[in-house]
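Novice: Structure provided below as structure tokens; questions to follow.
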Amino acid sequence: MKELTLATLIAVFEEIYGRGLFWSLVVISGIITVAFVAVLIRDRGIASRWLVRAEITAPLGAVAAVWFVLWFTNSHLADIGGPIDWIVIAWIALAGGGGLTLLSYTAQAILGHAPRAKT
Amino acid sequence: MTERTSAPRLSRRALMGLGAGAAALGALPVAAPAQTPAPVKTAARIVILGGGAAGTAMANRLVQRLDGAEITVVDGRAQHWYQPGFTLIAAGLKPSGYSVSRTGEWLPSAARWVNEGAAAIDPDARRVTTTGGEVLEYDYLVLACGMVLDWDAVEGFEKSQVGANGIGAVYAGPEEAAATWKAMDNFTDKGGIGLFGRPATEMKCAGAPLKYTFITDDYLRRKEHRDTSQVIYTAHNDTLFSVPIVNEKVKLLFRERGVDTRWHHVLRGVDAGARQAHYDTPEGRKVLDFDFINVIPPMRAPQVIRDAGLSWADRWVDQGWAEVDPETLRHRRYANIFAVGDVAGVPKGKTAASVKWQVPVVEDHLVADINGRAGTAVYNGYTSCPMITRIGRAMLVEFDYENNLTPSFPGVISPLEELWISWLMKEIALKPTYNAMLRGLA
Ligand SMILES: Cc1cc2nc3c(=O)[nH]c(=O)nc-3n(C[C@H](O)[C@H](O)[C@H](O)COP(=O)(O)OP(=O)(O)OC[C@H]3O[C@@H](n4cnc5c(N)ncnc54)[C@H](O)[C@@H]3O)c2cc1C
């Protein structure tokens, strides 16, 4: 690859998802992040009862993300070759797990009431 | 070399993109263009022959760099073919439509598209005549008309045979690639003798014949017919790949996979009924039986280039590639003519990945010329080939004129290791990168 700049990366991602979907995904993840920060400010910290439940979803998110990528790319876990492959898989799992945790925490915090006791 | 992007601005955008204020991005104008120098005012007439990978990328870049230029793209084909996708189609992983789009949808509106082929070029009079008889005068001419596949050179072969009688032809086009998958799927269901190989001419993506050998071997294994099958690779000389270190690695993998390699075999004909292939070898004609064959014909520059006297006179005489300087891609006898992509007579670089490196070089010299300056950009022969070694793994092989390996991600993705991430590059990143290149964005 000649020059891997952010502009190139954005152009490539626009092509992968289509311009509309890519920027929708960016906006949606932005909104979730902002919502997460907002409930943190509202509750003045992390509420542990939501966190525990949210964390339970992490492995689910991790497995789902890895499964999706393998399915989407016609490959299997057995195709993992060198260390870089494991690192990429770990990042995908982390992103899936972290993303779902964030989402489920934020959803609970918005749908549920403000916690009675602050942790 | 001059680059158009400015680092501070990028890192600020990067921070914005990654920061908590990501939502604000949605409100920004989509993908603000990287900083480019102010367009050069000119009335130059530029004719680009071919609207494939190289011609389209060239047109989009020139439109951004020039103000007032009269840019004409000449190409008689209404369909644009993303050819690296043919391998995936012939592997049964993508439908034939995966590689097909419309030529017109990629071309900039500021350029004029003449939907006809070039029939004649008069480089002294600076004039192109189209197949429809239209005469186009130019100040600059960019040859981007790719190559022709010389099917007639394979006796007994017809494109209509592809898909039946074990005949495949991955290179022929998206429909033929899909038909090849049908034949290969049938073959791997039963097993038998599979023949693979390459022509003795220069060829586009010299890794593709090897990839398809590996893929077929993989399917035979998955379907448990490998033990009862023979996979034969007929090399046109005594190597499998022109870059020595890659050659050794592929030899090793072929040994591991039990691929039977025959050296100095050049395909001359196929007898579909008898399922036999004929080869020229140093010992004379040889005949090999097959249950499946991937036919790849000799490749040559389009006739119009050769008729115009733009080819090398003393190199590749049977092939006719355009006589350009390997570093600047400027014609050695006509300073106002450049060649990009497959048609360029340079020792490496017949891949779409090379096009990505060649286009900015021609752009630099052409725009500098118009500006009355001298261009500085140099093409180093960069060529890349994601060498699929089985479905799910590949080696990201990148090299230059000197046969140096030039990995894009040194120390991270090693070029001679079979990796899943390299497969990801081919499977999901290559087409988007190619499309971004067509738009002049990558
Ligand atoms: C099976 C296969 C696998 C490949 N795999 C890879 C890969 O993995 N990675 C990679 O980087 N590259 C790969 N390539 C190579 C890549 O597709 C080509 O190198 C690339 O398309 C070259 O671009 P080009 O513009 O020179 O030619 P093309 O994209 O072929 O475009 C040439 C254009 O010129 C037009 N034309 C022809 N004659 C005339 C004329 N007389 N007048 C006007 N127009 C004319 C044609 O209609 C066509 O539109 C592969 C190719 C094949 C066939």
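Chain labels run A, B, ... following the order of the structure tokens; each chain numbers its residues from 1, and ligands are numbered from 1 in the order shown.
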I'd like to know which residues of stretch 169-320 of chain B are strand (DSSP E or B) (by DSSP, run on the backbone); could you write them as a PyMOL selection string?

Specialist: chain B and resi 193-197+230-234+260-262+266-271+276-281+284-289+292-294+299-300+311

Novice: Filtering to N, CA, C and O atoms, could you give me those residues as a CSV table (one decimal), in the first residue's frame?

Specialist:
chain,number,residue,atom,x,y,z
B,193,ILE,N,-7.1,-35.7,-12.7
B,193,ILE,CA,-5.9,-35.0,-13.0
B,193,ILE,C,-6.3,-33.5,-13.2
B,193,ILE,O,-7.1,-33.2,-14.1
B,194,GLY,N,-5.6,-32.6,-12.5
B,194,GLY,CA,-5.8,-31.2,-12.7
B,194,GLY,C,-4.6,-30.6,-13.3
B,194,GLY,O,-3.5,-30.8,-12.8
B,195,LEU,N,-4.8,-29.8,-14.4
B,195,LEU,CA,-3.6,-29.1,-15.0
B,195,LEU,C,-3.7,-27.6,-14.8
B,195,LEU,O,-4.7,-27.0,-15.0
B,196,PHE,N,-2.5,-27.1,-14.4
B,196,PHE,CA,-2.4,-25.6,-14.2
B,196,PHE,C,-1.2,-25.1,-14.8
B,196,PHE,O,-0.3,-26.0,-15.1
B,197,GLY,N,-1.0,-23.9,-15.0
B,197,GLY,CA,0.2,-23.4,-15.7
B,197,GLY,C,0.0,-21.9,-16.1
B,197,GLY,O,-1.0,-21.3,-15.7
B,230,GLN,N,-4.3,-36.0,-9.0
B,230,GLN,CA,-2.9,-35.5,-9.4
B,230,GLN,C,-3.1,-34.0,-9.7
B,230,GLN,O,-3.9,-33.7,-10.5
B,231,VAL,N,-2.3,-33.2,-9.0
B,231,VAL,CA,-2.3,-31.7,-9.3
B,231,VAL,C,-1.0,-31.4,-10.0
B,231,VAL,O,0.1,-31.6,-9.4
B,232,ILE,N,-1.1,-31.1,-11.3
B,232,ILE,CA,0.2,-30.8,-12.1
B,232,ILE,C,0.3,-29.3,-12.4
B,232,ILE,O,-0.7,-28.7,-13.0
B,233,TYR,N,1.4,-28.7,-12.1
B,233,TYR,CA,1.7,-27.4,-12.5
B,233,TYR,C,2.7,-27.3,-13.6
B,233,TYR,O,3.8,-27.8,-13.4
B,234,THR,N,2.4,-26.8,-14.8
B,234,THR,CA,3.3,-26.7,-15.9
B,234,THR,C,3.9,-25.3,-15.9
B,234,THR,O,3.2,-24.3,-16.3
B,260,ASP,N,2.8,-31.7,-8.5
B,260,ASP,CA,3.7,-32.3,-9.4
B,260,ASP,C,4.1,-31.2,-10.4
B,260,ASP,O,3.3,-30.8,-11.3
B,261,THR,N,5.3,-30.6,-10.4
B,261,THR,CA,5.7,-29.5,-11.2
B,261,THR,C,6.5,-30.0,-12.5
B,261,THR,O,7.4,-30.8,-12.3
B,262,ARG,N,6.0,-29.6,-13.6
B,262,ARG,CA,6.7,-29.9,-14.9
B,262,ARG,C,7.3,-28.6,-15.4
B,262,ARG,O,6.6,-27.7,-15.7
B,266,VAL,N,5.1,-25.2,-22.3
B,266,VAL,CA,4.2,-24.1,-22.7
B,266,VAL,C,3.0,-24.6,-23.5
B,266,VAL,O,3.1,-25.3,-24.5
B,267,LEU,N,1.8,-24.3,-23.0
B,267,LEU,CA,0.6,-24.8,-23.5
B,267,LEU,C,0.4,-24.3,-25.0
B,267,LEU,O,0.5,-23.1,-25.3
B,268,ARG,N,0.1,-25.2,-25.9
B,268,ARG,CA,-0.1,-24.9,-27.3
B,268,ARG,C,-1.5,-25.2,-27.7
B,268,ARG,O,-2.0,-24.6,-28.7
B,269,GLY,N,-2.1,-26.2,-27.1
B,269,GLY,CA,-3.5,-26.5,-27.6
B,269,GLY,C,-4.2,-27.4,-26.6
B,269,GLY,O,-3.6,-28.0,-25.7
B,270,VAL,N,-5.6,-27.4,-26.7
B,270,VAL,CA,-6.4,-28.2,-25.9
B,270,VAL,C,-7.3,-29.0,-26.8
B,270,VAL,O,-7.9,-28.4,-27.7
B,271,ASP,N,-7.5,-30.3,-26.5
B,271,ASP,CA,-8.5,-31.1,-27.2
B,271,ASP,C,-9.6,-31.4,-26.1
B,271,ASP,O,-9.4,-32.3,-25.3
B,276,GLN,N,-7.3,-33.7,-23.5
B,276,GLN,CA,-5.8,-33.7,-23.6
B,276,GLN,C,-5.3,-32.3,-23.8
B,276,GLN,O,-5.9,-31.5,-24.6
B,277,ALA,N,-4.2,-32.0,-23.2
B,277,ALA,CA,-3.5,-30.7,-23.5
B,277,ALA,C,-2.2,-30.9,-24.1
B,277,ALA,O,-1.5,-31.9,-23.8
B,278,HIS,N,-1.8,-30.0,-25.1
B,278,HIS,CA,-0.6,-30.2,-25.8
B,278,HIS,C,0.4,-29.1,-25.4
B,278,HIS,O,0.0,-27.9,-25.3
B,279,TYR,N,1.6,-29.5,-25.1
B,279,TYR,CA,2.7,-28.5,-24.7
B,279,TYR,C,3.9,-28.6,-25.6
B,279,TYR,O,4.3,-29.7,-26.0
B,280,ASP,N,4.5,-27.4,-25.8
B,280,ASP,CA,5.9,-27.4,-26.3
B,280,ASP,C,6.8,-27.5,-25.2
B,280,ASP,O,6.7,-26.8,-24.2
B,281,THR,N,7.8,-28.4,-25.3
B,281,THR,CA,8.8,-28.6,-24.3
B,281,THR,C,10.2,-28.6,-25.1
B,281,THR,O,10.2,-28.8,-26.3
B,284,GLY,N,10.4,-31.4,-27.4
B,284,GLY,CA,9.3,-31.5,-28.4
B,284,GLY,C,8.0,-31.5,-27.8
B,284,GLY,O,7.8,-31.2,-26.6
B,285,ARG,N,6.9,-31.8,-28.6
B,285,ARG,CA,5.5,-31.8,-28.1
B,285,ARG,C,5.3,-32.8,-27.1
B,285,ARG,O,5.8,-34.0,-27.2
B,286,LYS,N,4.5,-32.5,-26.1
B,286,LYS,CA,4.1,-33.5,-25.1
B,286,LYS,C,2.6,-33.3,-24.9
B,286,LYS,O,2.1,-32.3,-25.0
B,287,VAL,N,2.0,-34.5,-24.5
B,287,VAL,CA,0.6,-34.5,-24.3
B,287,VAL,C,0.3,-34.9,-22.9
B,287,VAL,O,0.9,-35.8,-22.4
B,288,LEU,N,-0.6,-34.1,-22.2
B,288,LEU,CA,-1.0,-34.5,-20.9
B,288,LEU,C,-2.5,-34.7,-20.8
B,288,LEU,O,-3.2,-33.8,-21.4
B,289,ASP,N,-3.0,-35.7,-20.2
B,289,ASP,CA,-4.4,-35.9,-20.0
B,289,ASP,C,-4.9,-35.0,-18.9
B,289,ASP,O,-4.1,-34.7,-18.0
B,292,PHE,N,-9.4,-31.7,-15.4
B,292,PHE,CA,-9.7,-30.2,-15.3
B,292,PHE,C,-8.5,-29.5,-15.7
B,292,PHE,O,-7.4,-29.9,-15.4
B,293,ILE,N,-8.7,-28.4,-16.4
B,293,ILE,CA,-7.5,-27.5,-16.8
B,293,ILE,C,-7.9,-26.1,-16.7
B,293,ILE,O,-9.1,-25.7,-17.1
B,294,ASN,N,-7.0,-25.2,-16.2
B,294,ASN,CA,-7.2,-23.8,-16.2
B,294,ASN,C,-6.4,-23.2,-17.3
B,294,ASN,O,-5.1,-23.1,-17.2
B,299,MET,N,-0.3,-13.3,-23.5
B,299,MET,CA,-0.8,-11.9,-23.4
B,299,MET,C,0.0,-11.0,-24.1
B,299,MET,O,1.2,-11.1,-24.1
B,300,ARG,N,-0.7,-10.0,-24.8
B,300,ARG,CA,0.1,-9.0,-25.6
B,300,ARG,C,-0.6,-7.7,-25.5
B,300,ARG,O,-1.7,-7.5,-25.1
B,311,SER,N,5.6,0.4,-29.6
B,311,SER,CA,6.2,-0.7,-28.8
B,311,SER,C,7.7,-0.7,-28.8
B,311,SER,O,8.3,-0.1,-29.6

Novice: For chain B, work out the contacting residues on chain A at 6 Å, counting only C-alpha atoms, and write them as a list in words.

Specialist: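 Putting it all together, I get Met1, Thr8, Ala11, Val12, Glu15, Ile16, Val27, Gly30, Ile31, Ser75, Asp79, Ile80, Gly81 and Asp85 of chain A.
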
Novice: Using only C-alpha atoms and all ligand atoms, which of B:Arg332, B:Lys350, B:Arg45, B:His365 sits nearest ligand 1?

Specialist: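 The answer is B:Lys350, which sits nearest to ligand 1.
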
Novice: For A:Val37, work out the shell of residues within 12 Å, counting only C-alpha atoms and skipping chain neighbours fewer than 5 positions away, then give it as a CSV table (one decimal) with all heavy atoms, in the first residue's frame.

Specialist:
chain,number,residue,atom,x,y,z
A,30,GLY,N,-20.9,6.9,17.8
A,30,GLY,CA,-20.6,8.1,18.5
A,30,GLY,C,-21.8,8.4,19.5
A,30,GLY,O,-21.5,8.8,20.7
A,31,ILE,N,-23.0,8.2,19.1
A,31,ILE,CA,-24.1,8.5,20.0
A,31,ILE,C,-24.1,7.6,21.2
A,31,ILE,O,-24.3,8.1,22.3
A,31,ILE,CB,-25.5,8.3,19.2
A,31,ILE,CG1,-25.6,9.4,18.2
A,31,ILE,CG2,-26.7,8.3,20.2
A,31,ILE,CD1,-26.8,9.2,17.2
A,32,ILE,N,-23.8,6.3,21.0
A,32,ILE,CA,-23.7,5.4,22.2
A,32,ILE,C,-22.6,5.9,23.1
A,32,ILE,O,-22.8,5.9,24.4
A,32,ILE,CB,-23.4,4.0,21.7
A,32,ILE,CG1,-24.6,3.4,20.9
A,32,ILE,CG2,-23.1,3.0,22.9
A,32,ILE,CD1,-24.4,2.1,20.2
A,42,ARG,N,-24.4,11.7,34.8
A,42,ARG,CA,-25.6,11.8,35.6
A,42,ARG,C,-25.5,11.0,36.9
A,42,ARG,O,-25.9,11.5,37.9
A,42,ARG,CB,-26.8,11.2,34.7
A,42,ARG,CG,-28.1,11.2,35.4
A,42,ARG,CD,-29.1,10.3,34.6
A,42,ARG,NE,-28.8,8.9,34.9
A,42,ARG,CZ,-29.4,7.9,34.3
A,42,ARG,NH1,-30.4,8.2,33.4
A,42,ARG,NH2,-29.1,6.7,34.6
A,43,ASP,N,-24.9,9.8,36.8
A,43,ASP,CA,-24.9,9.0,38.0
A,43,ASP,C,-23.6,9.3,38.8
A,43,ASP,O,-23.4,8.6,39.8
A,43,ASP,CB,-24.9,7.5,37.6
A,43,ASP,CG,-26.2,7.2,36.8
A,43,ASP,OD1,-27.1,8.0,36.9
A,43,ASP,OD2,-26.2,6.2,36.1
A,44,ARG,N,-22.8,10.1,38.4
A,44,ARG,CA,-21.5,10.5,39.0
A,44,ARG,C,-20.7,9.2,39.2
A,44,ARG,O,-20.3,8.9,40.3
A,44,ARG,CB,-21.7,11.3,40.3
A,44,ARG,CG,-21.8,12.8,39.9
A,44,ARG,CD,-22.1,13.6,41.2
A,44,ARG,NE,-23.5,14.1,41.2
A,44,ARG,CZ,-24.3,13.9,42.2
A,44,ARG,NH1,-23.9,13.2,43.3
A,44,ARG,NH2,-25.5,14.3,42.2
A,45,GLY,N,-20.6,8.4,38.3
A,45,GLY,CA,-19.7,7.2,38.4
A,45,GLY,C,-20.4,6.0,37.7
A,45,GLY,O,-21.5,6.1,37.2
A,46,ILE,N,-19.7,4.8,37.9
A,46,ILE,CA,-20.3,3.6,37.3
A,46,ILE,C,-21.2,2.9,38.3
A,46,ILE,O,-20.8,2.8,39.5
A,46,ILE,CB,-19.1,2.7,36.9
A,46,ILE,CG1,-18.3,3.3,35.8
A,46,ILE,CG2,-19.6,1.3,36.6
A,46,ILE,CD1,-17.8,2.4,34.8
A,102,LEU,N,-20.6,-1.9,26.6
A,102,LEU,CA,-20.9,-0.5,26.7
A,102,LEU,C,-22.4,-0.2,26.3
A,102,LEU,O,-23.1,0.5,27.0
A,102,LEU,CB,-20.0,0.2,25.6
A,102,LEU,CG,-19.8,1.7,25.8
A,102,LEU,CD1,-18.9,2.0,26.9
A,102,LEU,CD2,-19.3,2.3,24.5
A,103,LEU,N,-22.8,-0.9,25.3
A,103,LEU,CA,-24.2,-0.8,24.8
A,103,LEU,C,-25.2,-1.2,25.9
A,103,LEU,O,-26.1,-0.5,26.2
A,103,LEU,CB,-24.4,-1.6,23.5
A,103,LEU,CG,-25.8,-1.6,23.0
A,103,LEU,CD1,-26.2,-0.2,22.5
A,103,LEU,CD2,-25.9,-2.5,21.8
A,105,TYR,N,-24.7,-1.6,29.1
A,105,TYR,CA,-24.7,-0.8,30.3
A,105,TYR,C,-25.5,0.5,30.0
A,105,TYR,O,-26.3,0.9,30.8
A,105,TYR,CB,-23.2,-0.4,30.6
A,105,TYR,CG,-23.1,0.5,31.8
A,105,TYR,CD1,-22.9,0.0,33.1
A,105,TYR,CD2,-23.3,1.9,31.7
A,105,TYR,CE1,-22.9,0.8,34.2
A,105,TYR,CE2,-23.2,2.7,32.9
A,105,TYR,CZ,-23.0,2.2,34.1
A,105,TYR,OH,-23.0,3.0,35.2
A,106,THR,N,-25.2,1.1,28.9
A,106,THR,CA,-25.9,2.4,28.6
A,106,THR,C,-27.4,2.2,28.5
A,106,THR,O,-28.2,3.0,29.0
A,106,THR,CB,-25.4,3.0,27.3
A,106,THR,OG1,-23.9,2.9,27.3
A,106,THR,CG2,-25.8,4.4,27.1
A,109,ALA,N,-28.8,1.8,31.9
A,109,ALA,CA,-28.8,3.0,32.6
A,109,ALA,C,-29.9,4.0,32.2
A,109,ALA,O,-30.4,4.8,32.9
A,109,ALA,CB,-27.4,3.6,32.5
A,110,ILE,N,-30.2,3.9,30.9
A,110,ILE,CA,-31.2,4.9,30.4
A,110,ILE,C,-32.6,4.4,30.7
A,110,ILE,O,-33.4,5.1,31.1
A,110,ILE,CB,-31.0,5.1,28.8
A,110,ILE,CG1,-29.7,5.9,28.6
A,110,ILE,CG2,-32.2,5.8,28.2
A,110,ILE,CD1,-29.3,6.0,27.1
B,20,ALA,N,-14.0,11.4,22.0
B,20,ALA,CA,-15.3,11.2,22.5
B,20,ALA,C,-16.4,12.0,21.7
B,20,ALA,O,-17.5,11.6,21.6
B,20,ALA,CB,-15.4,11.5,23.9
B,21,GLY,N,-15.9,13.0,21.0
B,21,GLY,CA,-16.8,13.8,20.2
B,21,GLY,C,-17.1,13.3,18.9
B,21,GLY,O,-17.4,14.0,18.0

Novice: Using DSSP on the backbone, list every residue of chain A that comes out as alpha helix (DSSP H), and give them as a ChimeraX atom specification.

Specialist: /A:6-17,19-43,48-72,83-111

Novice: Contacts of A:Leu60 at 10 Å or less, counting only C-alpha atoms, minus same-chain residues fewer than 2 places along, as a list in words?

Specialist: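 Everything that qualifies: Glu55, Ile56, Thr57, Ala58, Ala62, Val63, Ala64, Ala65, Ala93, Gly96, Gly97, Leu100 and Thr101 of chain A.
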
Novice: Grab the atom CA of B:Val304 to atom CA of B:Ala43 distance for me, in Å with one decimal place.

Specialist: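 Atom-to-atom, atom CA of B:Val304 to atom CA of B:Ala43, that is 26.8 Å.
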
Novice: Would you please work out which residue, of B:Gln319, B:Ser229, B:Thr351, B:Asn115, is nearest to ligand 1 when using only C-alpha atoms and all ligand atoms?

Specialist: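 Closest residue, counting only C-alpha atoms and all ligand atoms: B:Thr351.
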
Novice: Pick from B:Ala368, B:Leu240, B:Val362, B:Ala208: nearest to ligand 1, with only C-alpha atoms and all ligand atoms counted?

Specialist: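 Distance minimum relative to ligand 1 lands on B:Ala208.
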
Novice: Quick one, how far is atom CA of B:Ala57 from atom CA of B:Ala118?

Specialist: 18.9 Å
